[in-house]
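Everything below belongs to coords19.pdb, which stores PDB, C-alpha atoms and all ligand atoms.
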ATOM      1  CA  MET A   1     107.823 243.386 179.559
ATOM      2  CA  ALA A   2     107.269 240.923 182.359
ATOM      3  CA  GLN A   3     108.468 237.799 184.077
ATOM      4  CA  LEU A   4     106.332 234.742 183.321
ATOM      5  CA  LEU A   5     105.161 232.480 186.130
ATOM      6  CA  LEU A   6     103.901 228.946 185.622
ATOM      7  CA  ARG A   7     101.710 227.737 188.511
ATOM      8  CA  GLY A   8     103.313 230.452 190.647
ATOM      9  CA  GLU A   9     106.942 229.595 189.799
ATOM     10  CA  GLN A  10     109.033 231.978 187.745
ATOM     11  CA  ILE A  11     110.184 230.528 184.405
ATOM     12  CA  GLY A  12     112.956 231.681 182.087
ATOM     13  CA  GLU A  13     116.036 233.641 183.053
ATOM     14  CA  PRO A  14     115.603 235.699 186.260
ATOM     15  CA  ASP A  15     117.272 238.789 184.778
ATOM     16  CA  GLN A  16     115.683 238.533 181.335
ATOM     17  CA  PRO A  17     112.111 239.851 181.139
ATOM     18  CA  ILE A  18     109.875 238.509 178.369
ATOM     19  CA  ARG A  19     108.653 241.042 175.804
ATOM     20  CA  ALA A  20     106.743 238.844 173.339
ATOM     21  CA  VAL A  21     104.858 235.538 173.242
ATOM     22  CA  LEU A  22     104.691 233.493 170.027
ATOM     23  CA  PHE A  23     101.708 231.147 169.830
ATOM     24  CA  ASP A  24     101.084 228.176 167.581
ATOM     25  CA  LYS A  25      97.459 228.346 166.315
ATOM     26  CA  ASP A  26      95.909 224.901 165.745
ATOM     27  CA  GLY A  27      95.722 222.985 169.010
ATOM     28  CA  THR A  28      97.082 225.940 171.009
ATOM     29  CA  LEU A  29      95.038 229.083 170.362
ATOM     30  CA  SER A  30      92.258 227.094 168.723
ATOM     31  CA  ILE A  31      90.520 223.767 169.209
ATOM     32  CA  SER A  32      90.626 222.270 165.742
ATOM     33  CA  GLU A  33      90.035 218.588 166.538
ATOM     34  CA  PRO A  34      86.282 218.490 165.620
ATOM     35  CA  MET A  35      87.083 219.997 162.203
ATOM     36  CA  LEU A  36      90.043 217.643 161.613
ATOM     37  CA  HIS A  37      87.955 214.667 162.732
ATOM     38  CA  ALA A  38      85.180 215.515 160.251
ATOM     39  CA  LEU A  39      87.786 216.026 157.516
ATOM     40  CA  ALA A  40      89.491 212.657 158.108
ATOM     41  CA  GLU A  41      86.148 210.802 158.302
ATOM     42  CA  ALA A  42      85.112 212.383 154.991
ATOM     43  CA  ARG A  43      88.414 211.371 153.375
ATOM     44  CA  VAL A  44      87.890 207.752 154.466
ATOM     45  CA  PHE A  45      84.288 207.773 153.201
ATOM     46  CA  HIS A  46      85.140 209.229 149.769
ATOM     47  CA  CYS A  47      88.208 207.043 149.308
ATOM     48  CA  VAL A  48      86.244 203.824 149.938
ATOM     49  CA  ARG A  49      83.372 205.103 147.753
ATOM     50  CA  LEU A  50      85.708 205.967 144.848
ATOM     51  CA  LEU A  51      87.513 202.639 145.019
ATOM     52  CA  GLY A  52      84.102 200.908 144.801
ATOM     53  CA  GLU A  53      83.063 203.069 141.832
ATOM     54  CA  HIS A  54      86.299 202.526 139.901
ATOM     55  CA  HIS A  55      86.678 198.865 140.855
ATOM     56  CA  PRO A  56      83.269 197.224 141.331
ATOM     57  CA  GLU A  57      85.053 193.850 141.221
ATOM     58  CA  VAL A  58      86.809 194.531 144.549
ATOM     59  CA  ALA A  59      85.544 192.285 147.379
ATOM     60  CA  PRO A  60      83.802 193.868 150.412
ATOM     61  CA  GLY A  61      86.629 192.559 152.611
ATOM     62  CA  VAL A  62      89.136 194.685 150.686
ATOM     63  CA  MET A  63      86.942 197.778 151.150
ATOM     64  CA  GLY A  64      86.952 197.063 154.884
ATOM     65  CA  GLU A  65      90.721 196.643 154.780
ATOM     66  CA  LEU A  66      91.108 200.020 153.040
ATOM     67  CA  ASP A  67      88.842 201.676 155.621
ATOM     68  CA  ASP A  68      91.033 200.267 158.414
ATOM     69  CA  LEU A  69      94.334 201.210 156.732
ATOM     70  CA  LEU A  70      93.154 204.792 156.179
ATOM     71  CA  ARG A  71      91.962 205.191 159.780
ATOM     72  CA  ARG A  72      95.330 204.008 161.077
ATOM     73  CA  ALA A  73      97.262 206.193 158.601
ATOM     74  CA  TYR A  74      95.209 209.283 159.537
ATOM     75  CA  GLY A  75      95.432 208.694 163.307
ATOM     76  CA  LEU A  76      91.637 208.518 163.378
ATOM     77  CA  GLY A  77      90.000 207.025 166.458
ATOM     78  CA  ASP A  78      86.516 207.000 167.989
ATOM     79  CA  GLY A  79      85.495 210.610 168.433
ATOM     80  CA  GLY A  80      88.876 212.175 167.753
ATOM     81  CA  VAL A  81      92.224 212.263 166.001
ATOM     82  CA  HIS A  82      95.671 211.474 167.397
ATOM     83  CA  PRO A  83      97.219 214.849 168.333
ATOM     84  CA  ALA A  84     100.543 213.861 166.777
ATOM     85  CA  GLY A  85      99.077 211.902 163.836
ATOM     86  CA  THR A  86      99.127 212.806 160.153
ATOM     87  CA  THR A  87      95.702 214.485 160.141
ATOM     88  CA  ALA A  88      96.711 216.672 163.078
ATOM     89  CA  VAL A  89     100.240 217.665 162.121
ATOM     90  CA  ALA A  90     101.104 216.694 158.538
ATOM     91  CA  SER A  91     100.577 218.767 155.413
ATOM     92  CA  ARG A  92      97.843 218.094 152.850
ATOM     93  CA  GLN A  93     100.494 216.626 150.553
ATOM     94  CA  HIS A  94     101.744 214.166 153.159
ATOM     95  CA  ASN A  95      98.168 213.092 153.940
ATOM     96  CA  LEU A  96      97.567 212.606 150.222
ATOM     97  CA  ILE A  97     100.618 210.356 149.966
ATOM     98  CA  SER A  98      99.428 208.259 152.926
ATOM     99  CA  THR A  99      96.060 207.897 151.211
ATOM    100  CA  ALA A 100      97.735 206.718 148.000
ATOM    101  CA  THR A 101      99.895 204.317 150.034
ATOM    102  CA  ALA A 102      96.771 202.733 151.566
ATOM    103  CA  LEU A 103      95.270 202.345 148.074
ATOM    104  CA  ALA A 104      98.512 200.749 146.877
ATOM    105  CA  GLN A 105      98.366 198.366 149.846
ATOM    106  CA  VAL A 106      94.977 197.063 148.669
ATOM    107  CA  GLY A 107      96.334 196.432 145.184
ATOM    108  CA  LEU A 108      96.147 199.611 143.071
ATOM    109  CA  GLY A 109      99.103 200.656 140.933
ATOM    110  CA  TRP A 110     100.801 203.869 142.080
ATOM    111  CA  PRO A 111      99.622 206.207 139.268
ATOM    112  CA  GLU A 112      95.991 205.221 139.839
ATOM    113  CA  ALA A 113      96.394 205.353 143.628
ATOM    114  CA  LEU A 114      97.694 208.923 143.356
ATOM    115  CA  ALA A 115      94.958 210.009 140.928
ATOM    116  CA  LEU A 116      92.228 208.564 143.163
ATOM    117  CA  SER A 117      93.760 210.271 146.215
ATOM    118  CA  GLU A 118      93.756 213.610 144.369
ATOM    119  CA  ALA A 119      90.042 213.115 143.658
ATOM    120  CA  VAL A 120      89.354 212.257 147.318
ATOM    121  CA  PHE A 121      91.115 215.406 148.528
ATOM    122  CA  GLU A 122      89.470 217.637 145.936
ATOM    123  CA  SER A 123      86.054 216.509 147.133
ATOM    124  CA  THR A 124      86.894 217.069 150.817
ATOM    125  CA  ASP A 125      89.099 220.217 150.780
ATOM    126  CA  ALA A 126      86.098 222.444 151.498
ATOM    127  CA  LEU A 127      85.770 220.832 154.942
ATOM    128  CA  HIS A 128      89.112 222.334 155.931
ATOM    129  CA  GLY A 129      90.033 225.952 156.510
ATOM    130  CA  THR A 130      87.900 229.064 156.481
ATOM    131  CA  GLY A 131      84.993 227.444 154.624
ATOM    132  CA  SER A 132      84.625 224.632 157.152
ATOM    133  CA  ALA A 133      81.271 224.161 158.893
ATOM    134  CA  HIS A 134      83.228 223.264 162.048
ATOM    135  CA  LYS A 135      84.504 226.679 163.100
ATOM    136  CA  PRO A 136      87.523 226.396 165.393
ATOM    137  CA  VAL A 137      86.843 227.753 168.868
ATOM    138  CA  ALA A 138      89.352 229.382 171.220
ATOM    139  CA  THR A 139      90.947 227.285 173.944
ATOM    140  CA  ALA A 140      89.525 227.894 177.455
ATOM    141  CA  GLY A 141      90.785 231.081 179.087
ATOM    142  CA  LEU A 142      92.565 232.393 175.980
ATOM    143  CA  HIS A 143      90.699 235.719 175.846
ATOM    144  CA  ASP A 144      91.633 236.470 179.446
ATOM    145  CA  LEU A 145      95.288 235.543 178.829
ATOM    146  CA  VAL A 146      95.732 237.778 175.766
ATOM    147  CA  GLU A 147      94.067 240.675 177.642
ATOM    148  CA  ARG A 148      96.505 240.170 180.524
ATOM    149  CA  LEU A 149      99.481 240.028 178.138
ATOM    150  CA  ALA A 150      98.360 243.217 176.393
ATOM    151  CA  THR A 151      97.796 245.023 179.700
ATOM    152  CA  ALA A 152     101.323 244.050 180.783
ATOM    153  CA  GLY A 153     102.650 245.520 177.510
ATOM    154  CA  LEU A 154     103.723 242.215 175.952
ATOM    155  CA  LEU A 155     103.512 241.637 172.210
ATOM    156  CA  CYS A 156     101.762 238.567 170.805
ATOM    157  CA  ALA A 157     102.339 236.767 167.503
ATOM    158  CA  VAL A 158     101.112 233.644 165.728
ATOM    159  CA  ILE A 159     103.492 231.112 164.187
ATOM    160  CA  SER A 160     101.445 228.609 162.197
ATOM    161  CA  ASN A 161     101.460 226.420 159.127
ATOM    162  CA  ASP A 162      98.006 227.764 158.275
ATOM    163  CA  GLU A 163      97.734 230.521 155.674
ATOM    164  CA  VAL A 164      97.402 234.214 156.621
ATOM    165  CA  ALA A 165      93.667 234.171 155.742
ATOM    166  CA  GLY A 166      93.091 231.288 158.168
ATOM    167  CA  ILE A 167      95.057 232.995 160.955
ATOM    168  CA  GLU A 168      93.211 236.291 160.477
ATOM    169  CA  ALA A 169      89.800 234.603 160.234
ATOM    170  CA  PHE A 170      90.379 232.844 163.547
ATOM    171  CA  LEU A 171      91.659 235.927 165.422
ATOM    172  CA  ASP A 172      88.834 238.078 163.994
ATOM    173  CA  SER A 173      86.205 235.479 164.911
ATOM    174  CA  GLN A 174      87.452 235.631 168.503
ATOM    175  CA  GLY A 175      87.739 239.430 168.657
ATOM    176  CA  ILE A 176      91.421 239.244 169.637
ATOM    177  CA  ALA A 177      93.133 240.341 166.395
ATOM    178  CA  GLN A 178      94.084 243.713 167.920
ATOM    179  CA  HIS A 179      96.321 241.950 170.449
ATOM    180  CA  PHE A 180      98.477 240.196 167.803
ATOM    181  CA  GLN A 181     101.197 242.298 166.205
ATOM    182  CA  ALA A 182     102.611 239.781 163.708
ATOM    183  CA  TYR A 183     102.016 236.407 162.025
ATOM    184  CA  TRP A 184     104.301 233.812 160.502
ATOM    185  CA  SER A 185     102.245 231.606 158.167
ATOM    186  CA  ALA A 186     102.589 228.807 155.624
ATOM    187  CA  GLU A 187     103.085 231.559 153.041
ATOM    188  CA  HIS A 188     106.241 232.790 154.771
ATOM    189  CA  THR A 189     109.714 231.415 154.155
ATOM    190  CA  PRO A 190     111.269 229.573 155.886
ATOM    191  CA  LYS A 191     108.324 227.716 157.403
ATOM    192  CA  LYS A 192     108.192 226.232 160.845
ATOM    193  CA  PRO A 193     109.666 224.029 162.224
ATOM    194  CA  ASP A 194     112.774 225.774 160.876
ATOM    195  CA  PRO A 195     114.245 227.748 163.830
ATOM    196  CA  ALA A 196     114.973 230.529 161.312
ATOM    197  CA  ALA A 197     111.179 231.049 161.122
ATOM    198  CA  VAL A 198     111.229 231.953 164.826
ATOM    199  CA  HIS A 199     114.111 234.390 164.311
ATOM    200  CA  ALA A 200     112.347 236.013 161.366
ATOM    201  CA  LEU A 201     109.162 236.485 163.407
ATOM    202  CA  CYS A 202     111.129 237.946 166.346
ATOM    203  CA  HIS A 203     112.762 240.334 163.884
ATOM    204  CA  GLU A 204     109.342 241.373 162.571
ATOM    205  CA  LEU A 205     108.233 242.085 166.148
ATOM    206  CA  GLY A 206     111.449 244.003 166.816
ATOM    207  CA  VAL A 207     112.250 241.784 169.806
ATOM    208  CA  GLY A 208     115.357 239.648 170.309
ATOM    209  CA  ALA A 209     114.876 235.876 170.590
ATOM    210  CA  GLU A 210     116.275 236.087 174.138
ATOM    211  CA  ALA A 211     113.153 238.050 175.187
ATOM    212  CA  CYS A 212     110.545 235.777 173.559
ATOM    213  CA  ALA A 213     108.470 232.839 174.755
ATOM    214  CA  LEU A 214     106.831 230.241 172.509
ATOM    215  CA  ILE A 215     103.828 228.075 173.321
ATOM    216  CA  GLY A 216     102.735 225.138 171.150
ATOM    217  CA  ASP A 217     101.075 221.726 171.252
ATOM    218  CA  ALA A 218     103.588 219.745 169.157
ATOM    219  CA  ASN A 219     107.137 218.586 169.850
ATOM    220  CA  SER A 220     108.159 220.041 166.480
ATOM    221  CA  ASP A 221     107.122 223.537 167.689
ATOM    222  CA  LEU A 222     108.871 223.145 171.028
ATOM    223  CA  ARG A 223     112.115 221.755 169.609
ATOM    224  CA  MET A 224     112.165 224.533 167.006
ATOM    225  CA  ALA A 225     111.848 227.153 169.752
ATOM    226  CA  ARG A 226     114.567 225.524 171.857
ATOM    227  CA  ALA A 227     116.883 225.379 168.825
ATOM    228  CA  ALA A 228     116.126 229.061 168.169
ATOM    229  CA  GLY A 229     117.402 229.863 171.677
ATOM    230  CA  LEU A 230     114.132 231.053 173.234
ATOM    231  CA  PRO A 231     114.398 231.149 177.036
ATOM    232  CA  VAL A 232     110.759 230.115 177.627
ATOM    233  CA  VAL A 233     109.240 227.190 175.697
ATOM    234  CA  LEU A 234     105.918 225.785 176.897
ATOM    235  CA  GLY A 235     103.840 222.820 175.766
ATOM    236  CA  TYR A 236     100.063 223.329 175.756
ATOM    237  CA  THR A 237      98.002 220.169 176.238
ATOM    238  CA  ALA A 238      94.315 221.082 176.597
ATOM    239  CA  ALA A 239      93.094 221.325 172.993
ATOM    240  CA  TRP A 240      92.786 217.596 172.262
ATOM    241  CA  SER A 241      90.557 214.816 173.598
ATOM    242  CA  GLN A 242      93.746 212.751 173.866
ATOM    243  CA  ARG A 243      96.689 214.525 175.560
ATOM    244  CA  PRO A 244      99.491 215.290 173.035
ATOM    245  CA  PRO A 245     102.586 213.101 173.649
ATOM    246  CA  LEU A 246     104.947 215.998 174.436
ATOM    247  CA  ASP A 247     108.612 215.570 175.284
ATOM    248  CA  PRO A 248     108.682 215.706 179.124
ATOM    249  CA  SER A 249     111.823 217.873 179.053
ATOM    250  CA  PHE A 250     109.510 220.807 178.186
ATOM    251  CA  LEU A 251     107.389 222.600 180.792
ATOM    252  CA  GLN A 252     103.701 222.052 180.065
ATOM    253  CA  LEU A 253     100.406 223.688 180.935
ATOM    254  CA  HIS A 254      96.832 222.462 180.682
ATOM    255  CA  HIS A 255      94.959 225.756 181.235
ATOM    256  CA  TRP A 256      95.866 229.347 180.435
ATOM    257  CA  ASN A 257      95.135 230.339 184.049
ATOM    258  CA  GLU A 258      98.288 228.421 185.058
ATOM    259  CA  LEU A 259     100.277 231.219 183.417
ATOM    260  CA  ASP A 260     100.812 234.482 185.299
ATOM    261  CA  LEU A 261     102.738 237.688 184.770
ATOM    262  CA  ARG A 262     104.871 239.711 187.147
ATOM    263  CA  PRO A 263     105.862 243.211 185.985
TER     264      PRO A 263
HETATM  265 MG    MG B 301      99.500 222.947 166.715
END

Encoded form (structure tokens):
Amino acid sequence: MAQLLLRGEQIGEPDQPIRAVLFDKDGTLSISEPMLHALAEARVFHCVRLLGEHHPEVAPGVMGELDDLLRRAYGLGDGGVHPAGTTAVASRQHNLISTATALAQVGLGWPEALALSEAVFESTDALHGTGSAHKPVATAGLHDLVERLATAGLLCAVISNDEVAGIEAFLDSQGIAQHFQAYWSAEHTPKKPDPAAVHALCHELGVGAEACALIGDANSDLRMARAAGLPVVLGYTAAWSQRPPLDPSFLQLHHWNELDLRP
């Protein structure tokens, strides 16, 4: 157990040492933006292509309109994705519905819009997850941080909406799996951002919520942790080309070396 220091200042309750740190994965442990960017670009490309194939009568201006609607719906910009946009934070199903909505906005009926969106996602799913050519890399300084946490005797866990296979593949690829004692994944119930997911993970670690910290790159993670009663909740901002728009009421860090431990 240890006290956590952010840029030299102690955080959390002075008489309550921290025994475990719960990390979000995408955008916190890992830099996933290049993979998400490639995925969203591919979805736009296939959606416009399929509309053209199914409706050769559609004017080029409408294809351009669809391209624009999809980019805005996905939070897709030049060279990156919006860190709080649908591609970055929403589920596959929600992204599929936004795709169908864009198709409906250019004139398709809903059943056809949904069917076309299903086809778009089926042809691009392989770009996401463990089969992706864009392998997520660890955020700068992560290896050093998890070594320091382990040396200080703290437990580490992942709380993610990825599946267990994706969590394990990332930790294994970075050689840090031995430092993580538990995961809470999309296959667990309840899922984040339900605060009960935090309590269940704390229970699995054998540590009370009052002795846990959580670090994530999305307001949904941070608000979940606050609602779960965690004494230390930190926003991590360095994994995106565009800084995530985090609620300023949360402490934030931009590099893992800003975090220190005092026994
Ligand atoms: Mg995240």

Could you give me, as CSV, every chain A residue with an atom at most 8 Å from ligand MG 301 (chain B), plus its closest atom pair and distance in Å to one decimal, counting all atoms listed in the file, rows ordered by chain then number?
residue,atom,partner,partner_atom,distance
A:Asp24,CA,B:MG301,MG,5.5
A:Lys25,CA,B:MG301,MG,5.8
A:Asp26,CA,B:MG301,MG,4.2
A:Gly27,CA,B:MG301,MG,4.4
A:Thr28,CA,B:MG301,MG,5.8
A:Ala88,CA,B:MG301,MG,7.8
A:Val89,CA,B:MG301,MG,7.0
A:Ser160,CA,B:MG301,MG,7.5
A:Gly216,CA,B:MG301,MG,5.9
A:Asp217,CA,B:MG301,MG,5.0
A:Ala218,CA,B:MG301,MG,5.7
A:Asp221,CA,B:MG301,MG,7.7

Using only C-alpha atoms, determine which residues lie at most 12 Å from A:Ala115, disregarding the query and same-chain residues fewer than 2 positions distant; provide the list as a VMD selection string.
chain A and resid 47 50 to 51 54 96 to 97 99 to 101 103 to 104 108 to 113 117 to 122

Starting from the PyMOL selection byres (((chain A and resi 232-244) around 9) and not hetatm), expand the selection into actual residues of this file and give them as a ChimeraX atom specification.
/A:4,11-13,18,26-33,79-84,139-140,210-219,221-223,225-226,229-231,245-247,250-256

Interatomic distance between atom CA of A:Gly8 and atom CA of A:Gly141?
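The value is 17.1 Å.
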
Report the residues retrieved by the PyMOL selection byres (((chain A and resi 145-157) around 9) and not hetatm) from the displayed file, expressed as a CSV table (one decimal) with C-alpha atoms, in the coordinates of the input.
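The result, stored in expr13.csv:
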chain,number,residue,atom,x,y,z
A,1,MET,CA,107.8,243.4,179.6
A,2,ALA,CA,107.3,240.9,182.4
A,18,ILE,CA,109.9,238.5,178.4
A,19,ARG,CA,108.7,241.0,175.8
A,20,ALA,CA,106.7,238.8,173.3
A,21,VAL,CA,104.9,235.5,173.2
A,22,LEU,CA,104.7,233.5,170.0
A,23,PHE,CA,101.7,231.1,169.8
A,24,ASP,CA,101.1,228.2,167.6
A,141,GLY,CA,90.8,231.1,179.1
A,142,LEU,CA,92.6,232.4,176.0
A,143,HIS,CA,90.7,235.7,175.8
A,144,ASP,CA,91.6,236.5,179.4
A,158,VAL,CA,101.1,233.6,165.7
A,159,ILE,CA,103.5,231.1,164.2
A,176,ILE,CA,91.4,239.2,169.6
A,179,HIS,CA,96.3,242.0,170.4
A,180,PHE,CA,98.5,240.2,167.8
A,181,GLN,CA,101.2,242.3,166.2
A,182,ALA,CA,102.6,239.8,163.7
A,183,TYR,CA,102.0,236.4,162.0
A,184,TRP,CA,104.3,233.8,160.5
A,201,LEU,CA,109.2,236.5,163.4
A,202,CYS,CA,111.1,237.9,166.3
A,205,LEU,CA,108.2,242.1,166.1
A,256,TRP,CA,95.9,229.3,180.4
A,257,ASN,CA,95.1,230.3,184.0
A,259,LEU,CA,100.3,231.2,183.4
A,260,ASP,CA,100.8,234.5,185.3
A,261,LEU,CA,102.7,237.7,184.8
A,262,ARG,CA,104.9,239.7,187.1
A,263,PRO,CA,105.9,243.2,186.0

The PyMOL selection byres (((chain A and resi 170) around 9) and not hetatm) - which residues does that actually catch in the file I just gave you? List them as a list in words.
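Checked against the file, the PyMOL selection byres (((chain A and resi 170) around 9) and not hetatm) matches Lys25, Ser30, Thr130, Lys135, Pro136, Val137, Ala138, Ala165, Gly166, Ile167, Glu168, Ala169, Leu171, Asp172, Ser173, Gln174, Gly175, Ile176 and Ala177 of chain A.
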
Calculate how many Å separate atom CA of A:Ala40 from atom CA of A:Glu65, rounding to one decimal.
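Those two atoms sit 16.4 Å apart.
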
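Atom CA of A:Gln105 lies 19.3 Å from atom CA of A:Thr87.
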
Could you give me stretch 101-127 of chain A completed to N, CA and C atoms, formatted as a PDB file, keeping the file's coordinate frame?
ATOM      1  N   THR A 101      99.199 205.517 149.529  1.00  0.00           N
ATOM      2  CA  THR A 101      99.895 204.317 150.034  1.00  0.00           C
ATOM      3  C   THR A 101      98.877 203.261 150.475  1.00  0.00           C
ATOM      4  N   ALA A 102      97.818 203.682 151.146  1.00  0.00           N
ATOM      5  CA  ALA A 102      96.771 202.733 151.566  1.00  0.00           C
ATOM      6  C   ALA A 102      96.121 202.093 150.337  1.00  0.00           C
ATOM      7  N   LEU A 103      95.870 202.894 149.311  1.00  0.00           N
ATOM      8  CA  LEU A 103      95.270 202.345 148.074  1.00  0.00           C
ATOM      9  C   LEU A 103      96.226 201.353 147.406  1.00  0.00           C
ATOM     10  N   ALA A 104      97.531 201.672 147.443  1.00  0.00           N
ATOM     11  CA  ALA A 104      98.512 200.749 146.877  1.00  0.00           C
ATOM     12  C   ALA A 104      98.542 199.454 147.684  1.00  0.00           C
ATOM     13  N   GLN A 105      98.345 199.564 148.993  1.00  0.00           N
ATOM     14  CA  GLN A 105      98.366 198.366 149.846  1.00  0.00           C
ATOM     15  C   GLN A 105      97.183 197.430 149.580  1.00  0.00           C
ATOM     16  N   VAL A 106      96.085 197.965 149.026  1.00  0.00           N
ATOM     17  CA  VAL A 106      94.977 197.063 148.669  1.00  0.00           C
ATOM     18  C   VAL A 106      95.021 196.690 147.184  1.00  0.00           C
ATOM     19  N   GLY A 107      96.132 197.001 146.510  1.00  0.00           N
ATOM     20  CA  GLY A 107      96.334 196.432 145.184  1.00  0.00           C
ATOM     21  C   GLY A 107      96.357 197.384 144.003  1.00  0.00           C
ATOM     22  N   LEU A 108      96.114 198.690 144.219  1.00  0.00           N
ATOM     23  CA  LEU A 108      96.147 199.611 143.071  1.00  0.00           C
ATOM     24  C   LEU A 108      97.593 199.921 142.666  1.00  0.00           C
ATOM     25  N   GLY A 109      97.806 200.160 141.386  1.00  0.00           N
ATOM     26  CA  GLY A 109      99.103 200.656 140.933  1.00  0.00           C
ATOM     27  C   GLY A 109      99.276 202.092 141.402  1.00  0.00           C
ATOM     28  N   TRP A 110     100.533 202.549 141.497  1.00  0.00           N
ATOM     29  CA  TRP A 110     100.801 203.869 142.080  1.00  0.00           C
ATOM     30  C   TRP A 110     100.158 205.034 141.310  1.00  0.00           C
ATOM     31  N   PRO A 111     100.236 205.060 139.959  1.00  0.00           N
ATOM     32  CA  PRO A 111      99.622 206.207 139.268  1.00  0.00           C
ATOM     33  C   PRO A 111      98.120 206.306 139.556  1.00  0.00           C
ATOM     34  N   GLU A 112      97.428 205.180 139.574  1.00  0.00           N
ATOM     35  CA  GLU A 112      95.991 205.221 139.839  1.00  0.00           C
ATOM     36  C   GLU A 112      95.708 205.577 141.307  1.00  0.00           C
ATOM     37  N   ALA A 113      96.559 205.051 142.203  1.00  0.00           N
ATOM     38  CA  ALA A 113      96.394 205.353 143.628  1.00  0.00           C
ATOM     39  C   ALA A 113      96.528 206.859 143.869  1.00  0.00           C
ATOM     40  N   LEU A 114      97.495 207.479 143.205  1.00  0.00           N
ATOM     41  CA  LEU A 114      97.694 208.923 143.356  1.00  0.00           C
ATOM     42  C   LEU A 114      96.519 209.705 142.779  1.00  0.00           C
ATOM     43  N   ALA A 115      96.062 209.296 141.583  1.00  0.00           N
ATOM     44  CA  ALA A 115      94.958 210.009 140.928  1.00  0.00           C
ATOM     45  C   ALA A 115      93.684 209.915 141.765  1.00  0.00           C
ATOM     46  N   LEU A 116      93.421 208.747 142.332  1.00  0.00           N
ATOM     47  CA  LEU A 116      92.228 208.564 143.163  1.00  0.00           C
ATOM     48  C   LEU A 116      92.336 209.408 144.438  1.00  0.00           C
ATOM     49  N   SER A 117      93.547 209.467 144.998  1.00  0.00           N
ATOM     50  CA  SER A 117      93.760 210.271 146.215  1.00  0.00           C
ATOM     51  C   SER A 117      93.531 211.751 145.926  1.00  0.00           C
ATOM     52  N   GLU A 118      94.003 212.208 144.763  1.00  0.00           N
ATOM     53  CA  GLU A 118      93.756 213.610 144.369  1.00  0.00           C
ATOM     54  C   GLU A 118      92.255 213.876 144.335  1.00  0.00           C
ATOM     55  N   ALA A 119      91.497 212.933 143.757  1.00  0.00           N
ATOM     56  CA  ALA A 119      90.042 213.115 143.658  1.00  0.00           C
ATOM     57  C   ALA A 119      89.403 213.138 145.045  1.00  0.00           C
ATOM     58  N   VAL A 120      89.879 212.281 145.942  1.00  0.00           N
ATOM     59  CA  VAL A 120      89.354 212.257 147.318  1.00  0.00           C
ATOM     60  C   VAL A 120      89.580 213.614 147.987  1.00  0.00           C
ATOM     61  N   PHE A 121      90.789 214.152 147.842  1.00  0.00           N
ATOM     62  CA  PHE A 121      91.115 215.406 148.528  1.00  0.00           C
ATOM     63  C   PHE A 121      90.376 216.580 147.903  1.00  0.00           C
ATOM     64  N   GLU A 122      90.217 216.548 146.571  1.00  0.00           N
ATOM     65  CA  GLU A 122      89.470 217.637 145.936  1.00  0.00           C
ATOM     66  C   GLU A 122      88.028 217.673 146.450  1.00  0.00           C
ATOM     67  N   SER A 123      87.453 216.494 146.690  1.00  0.00           N
ATOM     68  CA  SER A 123      86.054 216.509 147.133  1.00  0.00           C
ATOM     69  C   SER A 123      85.910 216.760 148.631  1.00  0.00           C
ATOM     70  N   THR A 124      87.010 216.825 149.369  1.00  0.00           N
ATOM     71  CA  THR A 124      86.894 217.069 150.817  1.00  0.00           C
ATOM     72  C   THR A 124      87.618 218.344 151.274  1.00  0.00           C
ATOM     73  N   ASP A 125      88.328 219.020 150.382  1.00  0.00           N
ATOM     74  CA  ASP A 125      89.099 220.217 150.780  1.00  0.00           C
ATOM     75  C   ASP A 125      88.223 221.300 151.413  1.00  0.00           C
ATOM     76  N   ALA A 126      86.968 221.378 150.979  1.00  0.00           N
ATOM     77  CA  ALA A 126      86.098 222.444 151.498  1.00  0.00           C
ATOM     78  C   ALA A 126      85.789 222.268 152.982  1.00  0.00           C
ATOM     79  N   LEU A 127      86.038 221.063 153.512  1.00  0.00           N
ATOM     80  CA  LEU A 127      85.770 220.832 154.942  1.00  0.00           C
ATOM     81  C   LEU A 127      86.873 221.408 155.815  1.00  0.00           C
TER      82      LEU A 127
END
